[in-house]
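*Asks:* Data: data-v2.txt, compact mmCIF, C-alpha atoms (C1' of nucleotides).
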```txt
# COMPACT_ATOMS: atom_id res chain seq x y z
CA MET U 1 9.46 24.14 -21.41
CA PRO U 2 11.08 23.00 -18.18
CA ARG U 3 9.27 24.15 -15.06
CA THR U 4 12.51 23.82 -13.15
CA ARG U 5 15.96 25.16 -13.63
CA ARG U 6 18.23 22.76 -15.46
CA GLY U 7 19.48 20.05 -13.16
CA ASP U 8 16.85 20.73 -10.55
CA ALA U 9 14.47 17.90 -11.43
CA GLY U 10 16.26 15.23 -9.39
CA PRO U 11 16.35 17.11 -6.09
CA ARG U 12 12.80 18.34 -6.59
CA VAL U 13 11.54 14.80 -7.10
CA LEU U 14 13.40 13.62 -4.01
CA GLU U 15 11.98 16.42 -1.93
CA ALA U 16 8.44 15.76 -3.12
CA ALA U 17 8.83 12.02 -2.59
CA SER U 18 10.12 12.61 0.93
CA ARG U 19 7.14 14.77 1.78
CA LEU U 20 4.48 12.51 0.27
CA PHE U 21 5.97 9.14 1.23
CA TYR U 22 6.31 10.25 4.83
CA ARG U 23 2.92 11.93 5.04
CA ASP U 24 0.75 9.40 3.23
CA GLY U 25 2.77 6.20 3.21
CA ILE U 26 4.92 4.69 0.50
CA GLY U 27 2.32 2.29 -0.82
CA THR U 28 -0.40 4.89 -0.98
CA VAL U 29 1.56 7.42 -3.04
CA GLY U 30 1.88 6.75 -6.76
CA VAL U 31 4.70 7.94 -8.96
CA ASP U 32 2.29 10.21 -10.79
CA ALA U 33 1.51 11.95 -7.52
CA VAL U 34 5.19 12.40 -6.76
CA ALA U 35 5.88 13.85 -10.21
CA ALA U 36 2.92 16.20 -9.91
CA GLU U 37 3.98 17.35 -6.43
CA ALA U 38 7.50 17.94 -7.68
CA GLY U 39 6.19 19.91 -10.64
CA VAL U 40 8.15 17.63 -12.93
CA ALA U 41 7.28 15.33 -15.80
CA LYS U 42 6.94 11.66 -15.01
CA ALA U 43 9.61 10.84 -17.57
CA ALA U 44 12.09 13.05 -15.72
CA LEU U 45 11.41 11.11 -12.55
CA TYR U 46 12.24 7.89 -14.36
CA THR U 47 15.42 9.17 -15.99
CA HIS U 48 16.66 10.15 -12.52
CA PHE U 49 15.53 7.18 -10.44
CA GLY U 50 14.63 4.35 -12.80
CA SER U 51 11.89 2.79 -10.70
CA LYS U 52 9.68 3.47 -7.72
CA ASP U 53 11.65 1.03 -5.59
CA ARG U 54 14.85 2.91 -6.29
CA LEU U 55 13.12 6.19 -5.54
CA VAL U 56 12.05 4.77 -2.19
CA VAL U 57 15.63 3.75 -1.46
CA ALA U 58 16.83 7.24 -2.38
CA TYR U 59 14.16 8.75 -0.13
CA LEU U 60 15.31 6.72 2.86
CA ARG U 61 18.98 7.34 2.15
CA GLU U 62 18.34 11.07 2.08
CA ARG U 63 16.54 10.94 5.41
CA ASP U 64 19.37 8.88 6.87
CA ARG U 65 21.83 11.48 5.64
CA ARG U 66 19.91 14.24 7.38
CA TRP U 67 19.80 12.25 10.60
CA GLN U 68 23.52 11.77 10.40
CA GLU U 69 23.91 15.51 10.11
CA GLU U 70 21.77 15.95 13.20
CA ILE U 71 23.98 13.48 15.06
CA ASP U 72 27.04 15.41 13.92
CA ARG U 73 25.54 18.62 15.27
CA ILE U 74 24.86 16.93 18.60
CA THR U 75 28.41 15.61 18.74
CA ALA U 76 29.78 19.07 18.05
CA ALA U 77 27.54 20.74 20.60
CA HIS U 78 28.19 18.40 23.51
CA ALA U 79 31.47 16.95 24.71
CA SER U 80 30.04 14.73 27.41
CA PRO U 81 28.76 11.34 26.20
CA ARG U 82 25.93 11.50 28.69
CA GLU U 83 24.76 14.85 27.34
CA ARG U 84 25.07 13.60 23.80
CA ILE U 85 22.77 10.68 24.51
CA LEU U 86 20.19 12.86 26.20
CA ALA U 87 20.48 15.34 23.35
CA VAL U 88 19.34 12.59 20.97
CA PHE U 89 16.18 12.25 23.03
CA ASP U 90 15.77 16.02 22.93
CA ALA U 91 16.12 15.95 19.16
CA TYR U 92 13.35 13.34 19.02
CA GLU U 93 11.18 15.58 21.13
CA THR U 94 11.74 18.57 18.87
CA TRP U 95 11.05 16.46 15.83
CA GLN U 96 7.91 14.97 17.34
CA ALA U 97 6.53 18.45 17.98
CA ARG U 98 6.62 19.35 14.31
CA ASP U 99 3.44 19.44 12.28
CA GLY U 100 2.69 16.25 10.41
CA PHE U 101 4.75 14.06 12.70
CA ARG U 102 3.93 10.48 11.83
CA GLY U 103 6.61 8.48 13.61
CA CYS U 104 9.93 7.17 12.40
CA ALA U 105 10.10 7.09 8.60
CA PHE U 106 12.33 4.04 8.72
CA VAL U 107 10.03 2.09 11.00
CA ASN U 108 7.07 3.04 8.83
CA ALA U 109 8.92 1.93 5.71
CA ALA U 110 9.82 -1.40 7.28
CA SER U 111 6.18 -1.85 8.28
CA GLU U 112 4.97 -1.22 4.77
CA LEU U 113 7.61 -3.04 2.80
CA ALA U 114 7.03 -6.47 4.24
CA ARG U 115 9.35 -8.44 1.97
CA PRO U 116 12.53 -8.95 4.00
CA ASP U 117 14.63 -8.72 0.84
CA HIS U 118 13.24 -5.38 -0.26
CA PRO U 119 16.23 -3.10 -0.98
CA ALA U 120 14.76 -0.40 1.24
CA ARG U 121 15.00 -2.61 4.29
CA GLU U 122 18.76 -2.58 4.11
CA VAL U 123 18.68 1.21 4.41
CA VAL U 124 16.41 0.88 7.43
CA ARG U 125 18.75 -1.63 9.03
CA HIS U 126 21.72 0.59 8.29
CA HIS U 127 20.07 3.61 9.86
CA LYS U 128 19.10 1.81 13.04
CA THR U 129 22.46 0.12 13.33
CA ALA U 130 24.27 3.44 12.96
CA LEU U 131 22.13 5.12 15.59
CA ARG U 132 22.56 2.24 18.01
CA GLY U 133 26.30 2.30 17.32
CA TYR U 134 26.48 5.98 18.14
CA LEU U 135 24.59 5.50 21.39
CA GLN U 136 26.72 2.51 22.36
CA ALA U 137 29.91 4.42 21.57
CA GLN U 138 28.85 7.12 24.00
CA VAL U 139 27.94 4.52 26.62
CA ASP U 140 31.37 2.95 26.23
CA ARG U 141 32.98 6.25 27.11
CA LEU U 142 31.10 6.48 30.39
CA ALA U 143 32.41 5.28 33.72
CA GLY U 144 31.66 1.96 35.32
CA PRO U 145 31.56 -1.54 33.90
CA GLY U 146 30.41 -0.74 30.36
CA ASP U 147 27.14 -2.43 29.53
CA PRO U 148 27.47 -3.65 25.90
CA THR U 149 23.70 -3.77 25.45
CA LEU U 150 22.80 -0.37 26.84
CA GLY U 151 22.98 1.19 23.40
CA ALA U 152 20.39 -1.30 22.19
CA THR U 153 18.20 -0.51 25.18
CA LEU U 154 18.39 3.21 24.45
CA LEU U 155 17.32 2.57 20.87
CA ILE U 156 14.36 0.57 22.15
CA LEU U 157 13.34 3.54 24.25
CA LEU U 158 13.61 5.91 21.30
CA ASP U 159 11.66 3.70 18.92
CA GLY U 160 9.02 2.91 21.51
CA ALA U 161 8.54 6.55 22.36
CA ALA U 162 8.27 7.56 18.71
CA THR U 163 5.72 4.81 18.07
CA THR U 164 3.62 5.75 21.07
CA ALA U 165 3.83 9.44 20.21
CA VAL U 166 2.07 8.79 16.89
CA LEU U 167 -1.14 7.83 18.66
CA ASP U 168 -0.80 9.92 21.81
CA ARG U 169 0.52 13.13 20.27
CA GLY U 170 2.52 15.40 22.53
CA PRO U 171 5.92 15.26 24.17
CA GLY U 172 4.91 12.88 26.98
CA PRO U 173 6.21 9.57 25.57
CA ILE U 174 9.60 10.92 24.60
CA ARG U 175 10.04 12.68 27.94
CA HIS U 176 9.22 9.45 29.73
CA ALA U 177 11.73 7.61 27.61
CA ARG U 178 14.33 10.27 28.30
CA ALA U 179 13.72 10.05 32.02
CA VAL U 180 14.21 6.29 31.90
CA ALA U 181 17.41 6.73 29.93
CA ASP U 182 18.57 9.23 32.52
CA THR U 183 18.21 6.66 35.29
CA LEU U 184 19.91 3.95 33.26
CA LEU U 185 23.01 5.97 32.42
CA PRO U 186 25.89 6.00 34.88
CA PRO U 187 26.99 9.51 35.85
CA ASP U 188 29.60 11.41 33.90
CA THR U 189 33.06 11.14 35.39
CA GLY U 190 34.37 14.17 33.56
CA ASP U 191 37.52 12.38 32.40
CA GLU U 192 36.22 10.86 29.16
CA SER U 193 38.60 11.31 26.25
CA SER U 194 37.61 11.96 22.61
CA MET M 195 -21.15 -25.89 -4.58
CA PRO M 196 -19.89 -24.22 -1.43
CA ARG M 197 -16.32 -25.03 -0.57
CA THR M 198 -17.10 -24.32 3.04
CA ARG M 199 -19.66 -25.55 5.48
CA ARG M 200 -22.65 -23.25 5.67
CA GLY M 201 -21.91 -20.24 7.83
CA ASP M 202 -18.19 -20.79 7.67
CA ALA M 203 -17.38 -18.19 5.04
CA GLY M 204 -17.18 -15.25 7.45
CA PRO M 205 -14.68 -16.78 9.86
CA ARG M 206 -12.65 -18.24 7.02
CA VAL M 207 -12.33 -14.82 5.39
CA LEU M 208 -11.33 -13.26 8.69
CA GLU M 209 -8.69 -15.90 9.29
CA ALA M 210 -7.27 -15.52 5.79
CA ALA M 211 -7.29 -11.73 6.07
CA SER M 212 -5.50 -11.90 9.38
CA ARG M 213 -2.79 -14.11 7.95
CA LEU M 214 -2.25 -12.13 4.75
CA PHE M 215 -2.65 -8.63 6.17
CA TYR M 216 -0.14 -9.35 8.90
CA ARG M 217 2.33 -11.16 6.69
CA ASP M 218 2.32 -8.92 3.61
CA GLY M 219 0.82 -5.65 4.81
CA ILE M 220 -2.69 -4.32 4.46
CA GLY M 221 -2.05 -2.17 1.41
CA THR M 222 -0.27 -4.92 -0.47
CA VAL M 223 -2.99 -7.53 -0.11
CA GLY M 224 -6.01 -7.22 -2.39
CA VAL M 225 -9.47 -8.48 -1.62
CA ASP M 226 -9.14 -11.05 -4.40
CA ALA M 227 -6.10 -12.49 -2.65
CA VAL M 228 -7.97 -12.69 0.64
CA ALA M 229 -10.93 -14.43 -0.98
CA ALA M 230 -8.63 -16.88 -2.75
CA GLU M 231 -6.69 -17.62 0.45
CA ALA M 232 -9.95 -18.18 2.30
CA GLY M 233 -11.22 -20.50 -0.43
CA VAL M 234 -14.31 -18.36 -0.70
CA ALA M 235 -15.99 -16.41 -3.47
CA LYS M 236 -15.29 -12.70 -3.56
CA ALA M 237 -19.02 -12.00 -3.34
CA ALA M 238 -19.21 -13.89 -0.04
CA LEU M 239 -16.47 -11.68 1.34
CA TYR M 240 -18.49 -8.63 0.44
CA THR M 241 -21.78 -9.92 1.88
CA HIS M 242 -19.98 -10.48 5.18
CA PHE M 243 -17.79 -7.39 5.41
CA GLY M 244 -19.07 -4.84 2.90
CA SER M 245 -15.76 -3.23 2.09
CA LYS M 246 -12.04 -3.70 2.47
CA ASP M 247 -11.86 -0.97 5.09
CA ARG M 248 -14.43 -2.75 7.20
CA LEU M 249 -12.58 -6.03 6.74
CA VAL M 250 -9.44 -4.34 8.01
CA VAL M 251 -11.32 -3.10 11.06
CA ALA M 252 -12.67 -6.60 11.70
CA TYR M 253 -9.14 -7.99 11.34
CA LEU M 254 -7.77 -5.62 13.97
CA ARG M 255 -10.72 -6.15 16.28
CA GLU M 256 -10.18 -9.88 16.12
CA ARG M 257 -6.51 -9.52 16.98
CA ASP M 258 -7.37 -7.21 19.84
CA ARG M 259 -9.82 -9.80 21.14
CA ARG M 260 -7.11 -12.46 21.13
CA TRP M 261 -4.73 -10.16 22.96
CA GLN M 262 -7.38 -9.53 25.55
CA GLU M 263 -7.70 -13.28 26.01
CA GLU M 264 -3.95 -13.48 26.51
CA ILE M 265 -4.14 -10.76 29.14
CA ASP M 266 -6.93 -12.65 30.86
CA ARG M 267 -4.79 -15.78 30.95
CA ILE M 268 -1.93 -13.80 32.47
CA THR M 269 -4.25 -12.32 35.08
CA ALA M 270 -5.53 -15.75 35.99
CA ALA M 271 -2.06 -17.29 36.17
CA HIS M 272 -0.44 -14.63 38.34
CA ALA M 273 -1.80 -12.92 41.42
CA SER M 274 1.10 -10.52 41.92
CA PRO M 275 0.87 -7.33 39.85
CA ARG M 276 4.62 -7.38 39.39
CA GLU M 277 4.54 -10.89 37.97
CA ARG M 278 1.65 -9.98 35.71
CA ILE M 279 3.58 -7.11 34.18
CA LEU M 280 6.66 -9.22 33.60
CA ALA M 281 4.44 -11.95 32.17
CA VAL M 282 3.30 -9.51 29.49
CA PHE M 283 6.93 -9.11 28.46
CA ASP M 284 7.29 -12.88 28.46
CA ALA M 285 4.25 -13.17 26.22
CA TYR M 286 5.86 -10.71 23.81
CA GLU M 287 9.00 -12.83 23.79
CA THR M 288 7.06 -15.99 23.02
CA TRP M 289 5.16 -14.22 20.30
CA GLN M 290 8.33 -12.74 18.81
CA ALA M 291 9.87 -16.20 18.55
CA ARG M 292 7.11 -17.46 16.29
CA ASP M 293 7.73 -17.86 12.58
CA GLY M 294 6.67 -14.93 10.48
CA PHE M 295 6.92 -12.43 13.30
CA ARG M 296 6.67 -8.99 11.77
CA GLY M 297 6.11 -6.72 14.73
CA CYS M 298 2.95 -5.40 16.28
CA ALA M 299 -0.01 -5.68 13.90
CA PHE M 300 -1.53 -2.53 15.33
CA VAL M 301 1.61 -0.47 14.95
CA ASN M 302 2.01 -1.75 11.39
CA ALA M 303 -1.61 -0.89 10.61
CA ALA M 304 -1.18 2.62 11.99
CA SER M 305 1.96 3.01 9.89
CA GLU M 306 0.19 1.96 6.74
CA LEU M 307 -3.12 3.71 7.21
CA ALA M 308 -1.82 7.24 7.40
CA ARG M 309 -5.12 9.08 7.44
CA PRO M 310 -5.73 9.93 11.09
CA ASP M 311 -9.48 9.50 10.59
CA HIS M 312 -9.25 5.99 9.16
CA PRO M 313 -11.67 3.80 11.14
CA ALA M 314 -8.92 1.26 11.78
CA ARG M 315 -6.89 3.77 13.74
CA GLU M 316 -9.53 3.90 16.44
CA VAL M 317 -9.09 0.16 16.95
CA VAL M 318 -5.34 0.68 17.23
CA ARG M 319 -5.83 3.42 19.77
CA HIS M 320 -8.25 1.28 21.72
CA HIS M 321 -5.84 -1.64 21.82
CA LYS M 322 -2.90 0.42 23.03
CA THR M 323 -5.00 2.28 25.55
CA ALA M 324 -6.34 -0.97 26.98
CA LEU M 325 -2.88 -2.48 27.30
CA ARG M 326 -1.50 0.63 28.94
CA GLY M 327 -4.50 0.69 31.26
CA TYR M 328 -3.84 -2.88 32.31
CA LEU M 329 -0.18 -2.18 32.99
CA GLN M 330 -1.01 0.99 34.92
CA ALA M 331 -3.63 -0.84 36.97
CA GLN M 332 -1.00 -3.35 38.05
CA VAL M 333 1.45 -0.55 38.82
CA ASP M 334 -1.19 1.13 40.97
CA ARG M 335 -1.46 -1.98 43.10
CA LEU M 336 2.25 -1.96 43.88
CA ALA M 337 3.82 -0.40 46.93
CA GLY M 338 5.38 3.03 47.09
CA PRO M 339 4.24 6.35 45.72
CA GLY M 340 2.38 5.17 42.63
CA ASP M 341 3.85 6.60 39.45
CA PRO M 342 0.88 7.45 37.22
CA THR M 343 3.02 7.38 34.08
CA LEU M 344 4.82 4.10 34.66
CA GLY M 345 2.20 2.22 32.68
CA ALA M 346 2.91 4.46 29.71
CA THR M 347 6.62 3.87 30.12
CA LEU M 348 6.12 0.11 30.15
CA LEU M 349 4.13 0.35 26.93
CA ILE M 350 6.96 2.34 25.36
CA LEU M 351 9.33 -0.45 26.29
CA LEU M 352 7.06 -3.09 24.78
CA ASP M 353 6.50 -1.22 21.53
CA GLY M 354 10.14 -0.30 21.18
CA ALA M 355 11.25 -3.85 21.75
CA ALA M 356 8.75 -5.22 19.24
CA THR M 357 9.85 -2.68 16.65
CA THR M 358 13.53 -3.40 17.16
CA ALA M 359 12.93 -7.14 17.10
CA VAL M 360 11.60 -6.91 13.55
CA LEU M 361 15.01 -5.91 12.22
CA ASP M 362 17.22 -7.66 14.75
CA ARG M 363 15.34 -10.93 15.04
CA GLY M 364 15.77 -12.89 18.23
CA PRO M 365 14.72 -12.45 21.84
CA GLY M 366 17.38 -9.84 22.70
CA PRO M 367 15.33 -6.65 22.44
CA ILE M 368 12.41 -7.93 24.46
CA ARG M 369 14.68 -9.33 27.16
CA HIS M 370 16.43 -5.98 27.39
CA ALA M 371 13.10 -4.23 27.70
CA ARG M 372 11.99 -6.70 30.35
CA ALA M 373 15.16 -6.14 32.32
CA VAL M 374 14.59 -2.39 32.25
CA ALA M 375 11.01 -2.88 33.38
CA ASP M 376 12.28 -5.06 36.19
CA THR M 377 14.47 -2.27 37.50
CA LEU M 378 11.71 0.32 37.17
CA LEU M 379 9.10 -1.64 39.11
CA PRO M 380 9.04 -1.29 42.89
CA PRO M 381 9.17 -4.63 44.70
CA ASP M 382 6.07 -6.59 45.56
CA THR M 383 4.89 -6.02 49.08
CA GLY M 384 2.79 -9.12 49.16
CA ASP M 385 -0.25 -7.32 50.58
CA GLU M 386 -1.86 -6.13 47.39
CA SER M 387 -5.56 -6.75 47.19
CA SER M 388 -7.12 -7.43 43.84
C1' DC Z 389 -40.50 -32.27 -0.40
C1' DC Z 390 -39.63 -27.69 -1.34
C1' DC Z 391 -38.33 -23.11 -0.63
C1' DG Z 392 -35.14 -19.78 1.22
C1' DT Z 393 -30.58 -18.82 1.65
C1' DA Z 394 -25.59 -18.94 1.68
C1' DG Z 395 -22.32 -19.43 -1.39
C1' DT Z 396 -20.20 -20.06 -6.25
C1' DG Z 397 -17.55 -18.60 -10.29
C1' DA Z 398 -16.88 -15.52 -13.59
C1' DA Z 399 -17.63 -11.55 -16.10
C1' DC Z 400 -17.52 -6.83 -15.69
C1' DC Z 401 -16.88 -1.84 -14.08
C1' DG Z 402 -14.01 2.51 -13.88
C1' DA Z 403 -9.90 3.91 -11.73
C1' DT Z 404 -5.30 3.61 -10.75
C1' DC Z 405 -0.98 1.29 -10.63
C1' DG Z 406 4.22 1.27 -12.27
C1' DG Z 407 6.39 2.01 -16.39
C1' DT Z 408 7.34 3.27 -21.51
C1' DC Z 409 7.35 6.08 -25.51
C1' DT Z 410 6.98 9.84 -28.71
C1' DA Z 411 7.15 14.45 -30.49
C1' DC Z 412 8.56 18.58 -29.01
C1' DT Z 413 11.11 22.64 -26.62
C1' DA Z 414 13.89 25.20 -23.82
C1' DT Z 415 18.61 25.92 -22.30
C1' DC Z 416 23.59 25.36 -21.93
C1' DT Z 417 28.11 24.64 -24.27
C1' DC Z 418 31.31 24.86 -27.72
C1' DG N 419 24.67 29.54 -34.54
C1' DA N 420 24.59 24.38 -34.03
C1' DG N 421 24.24 20.36 -31.52
C1' DA N 422 23.81 18.03 -27.37
C1' DT N 423 21.15 17.81 -23.27
C1' DA N 424 17.42 17.98 -19.88
C1' DG N 425 13.05 18.48 -19.54
C1' DT N 426 7.78 18.65 -21.05
C1' DA N 427 2.97 16.99 -22.00
C1' DG N 428 0.45 13.36 -22.71
C1' DA N 429 -0.87 9.15 -24.87
C1' DC N 430 -0.37 4.52 -24.05
C1' DC N 431 0.63 -0.30 -22.00
C1' DG N 432 -0.92 -4.48 -19.32
C1' DA N 433 -1.95 -5.46 -14.72
C1' DT N 434 -4.32 -4.86 -10.69
C1' DC N 435 -7.19 -2.34 -7.65
C1' DG N 436 -11.88 -2.23 -4.84
C1' DG N 437 -16.39 -3.27 -5.82
C1' DT N 438 -20.79 -5.00 -8.39
C1' DT N 439 -23.71 -8.11 -10.85
C1' DC N 440 -25.61 -12.34 -12.56
C1' DA N 441 -27.05 -16.92 -13.32
C1' DC N 442 -26.65 -20.77 -10.87
C1' DT N 443 -26.31 -24.52 -7.07
C1' DA N 444 -26.14 -27.02 -2.94
C1' DC N 445 -27.82 -27.43 1.54
C1' DG N 446 -30.82 -26.98 5.77
C1' DG N 447 -35.25 -26.19 8.20
C1' DG N 448 -40.16 -26.18 7.99
```
What does this structure look like when you write it as structure tokens?

*Replies:*
Amino acid sequence: MPRTRRGDAGPRVLEAASRLFYRDGIGTVGVDAVAAEAGVAKAALYTHFGSKDRLVVAYLRERDRRWQEEIDRITAAHASPRERILAVFDAYETWQARDGFRGCAFVNAASELARPDHPAREVVRHHKTALRGYLQAQVDRLAGPGDPTLGATLLILLDGAATTAVLDRGPGPIRHARAVADTLLPPDTGDESS
Amino acid sequence: MPRTRRGDAGPRVLEAASRLFYRDGIGTVGVDAVAAEAGVAKAALYTHFGSKDRLVVAYLRERDRRWQEEIDRITAAHASPRERILAVFDAYETWQARDGFRGCAFVNAASELARPDHPAREVVRHHKTALRGYLQAQVDRLAGPGDPTLGATLLILLDGAATTAVLDRGPGPIRHARAVADTLLPPDTGDESS
DNA sequence: CCCGTAGTGAACCGATCGGTCTACTATCTC
DNA sequence: GAGATAGTAGACCGATCGGTTCACTACGGG
């Protein structure tokens, strides 16, 4: 008597885990709660993911995948590296405005999963490294003596704004961060390639 | 057969809680572990703090008190508002370099304690508000048309740098953030009155 | 000297944790 | 139509959770 169409249990569990882990915290949410939210038997959860730790890793990987899609959309929508960078800040602002915003899922996960060897931390590192790499790649295409640490600085602004926005609520922090980024970035020359 | 001198149990519990909560996360650490680390009977923990939630609040309050002491030291050591602000970044760098650095305890607590009405979150809000207030007060004493949001921006830089430093390890993030702050701050005029 | 008190150590509570297992049932494929 | 497959409901496991209780003991102040 499956409550889901055949083959649906995996995605449903992942979706439920994403919602609950982000909303209530990874440590707080038990596997029973995830299974119940997914409308799926606990055993099905375990045949698909094997353990809670692996479910957490899958949850973060999925969120990283969606962020990568967002970055791809930004890349497609803007040719100028400067606009692309500012568009990332705009995406943060949009995301912050959504109901139930509770900061960066990756930062929260790293906060909760203290053990530095926890498998989930590698996903967090990967996500942040990729984002910083994207920002730095855009910086490199701008005019002037390329600052090799500006990408890192932009990531600091994004993470700081997201963190502050959890307590402050509202678009203020991210707009401040965007304004700072705007002053740090050299102007577009209009002759960037790729 | 007390293992502690009379009246010592409270402080010992608080010290142990501070160490364990910060190192392993609040959710991960049980009250039994805190009592064991403190070398104190579980019952003594409960006569002093009543519940784990209240122990968490006391833990954060204590850390906030120590940060306030640090701010007071900075205020005493530097007369110039500009130097005071940069000294806060320097304090972050020193703190980041210590063994077992795992980011801002308040940010981590807010990440873990998702319920927005959790009593600990008020302590987090208070801490961040006080720090931002201090930064803004220094900004207000600087020359030029005072930017009423610069204090908030400086806090974003601090939080972002601390967050990034957890994954990157090393003084890089905080130095970047300090350099940005340095460019954002108008120069000292030398005629500020305290 | 003696009483109040702070603290001990351990048992105990019900609830929940992550995880396993069994007996059963729809559904899809050949 | 038969067998493999994917899923169900729920009992069950040992461990741990936050919190309580109890009988007892060492120490400090009057």

*Asks:* Please identify all polymer residues lying at most 9 Å from the point (-29.5, -27.3, 2.9) (file coordinates), using all atoms listed in the file, and present the result as a list in words.

*Replies:*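 Those residues, ordered by chain and then number, are Arg200 of chain M; DT393 of chain Z; DA444, DC445, DG446 and DG447 of chain N.
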
*Asks:* Define the interface residues of chain M facing chain U as those within 9 Å, counting all atoms listed in the file, and report them as an MDAnalysis selection string.

*Replies:* chainID M and resid 217:222 296:297 301:309 315 318:319 322 343:344 346:347 349:358 360:362 367 370:371 374 378

*Asks:* Determine which residues of chain Z sit within 9 Å of chain M, taking into account all atoms listed in the file, and present them as a PyMOL selection string.

*Replies:* chain Z and resi 394-397

*Asks:* Do a neighbour search on DT439 (chain N) at 10 Å with only C-alpha atoms (C1' of nucleotides), toss out local chain neighbours closer than 6 positions, and write the hits as a short mmCIF file (atom, residue, chain, number, x, y, z; two decimals) with C-alpha atoms (C1' of nucleotides), keeping the file's coordinate frame.

*Replies:*
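around34.cif written:
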```cif
data_model
loop_
_atom_site.label_atom_id
_atom_site.label_comp_id
_atom_site.auth_asym_id
_atom_site.auth_seq_id
_atom_site.Cartn_x
_atom_site.Cartn_y
_atom_site.Cartn_z
CA ALA M 237 -19.02 -12.00 -3.34
"C1'" DA Z 399 -17.63 -11.55 -16.10
"C1'" DC Z 400 -17.52 -6.83 -15.69
"C1'" DC Z 401 -16.88 -1.84 -14.08
#
```

*Asks:* Dig up all the protein and nucleic acid residues within 12 Å of (0.6, -7.0, -17.4) in the file frame, using all atoms listed in the file, and format them as a list in words.

*Replies:* DC405, DG406 and DG407 of chain Z; DC431, DG432, DA433 and DT434 of chain N

*Asks:* Could you tell me how far CA of Phe89 (chain U) sits from CA of Pro342 (chain M), in Å to one decimal place?

*Replies:* 21.4 Å

*Asks:* Quick check, in Å to one decimal: how far apart do CA of Val34 (chain U) and CA of Ala16 (chain U) lie?

*Replies:* 5.9 Å

*Asks:* Mind working out the centre and edge lengths of an axis-aligned box for region 311-327 of chain M, all listed atoms inside, 5 Å added to each side, rounded to one decimal in Å and written as AutoDock Vina command-line options?

*Replies:*
```
--center_x -6.6 --center_y 3.5 --center_z 20.2 --size_x 20.2 --size_y 22.0 --size_z 32.1
```

*Asks:* How many Å separate CA of Pro365 (chain M) from CA of Thr288 (chain M)?

*Replies:* 8.5 Å

*Asks:* Got a sec: who's within 12 Å of DT410 (chain Z), counting all atoms listed in the file, leaving out chain neighbours fewer than 4 positions off, as a PyMOL selection string?

*Replies:* (chain U and resi 43) or (chain N and resi 426-430)
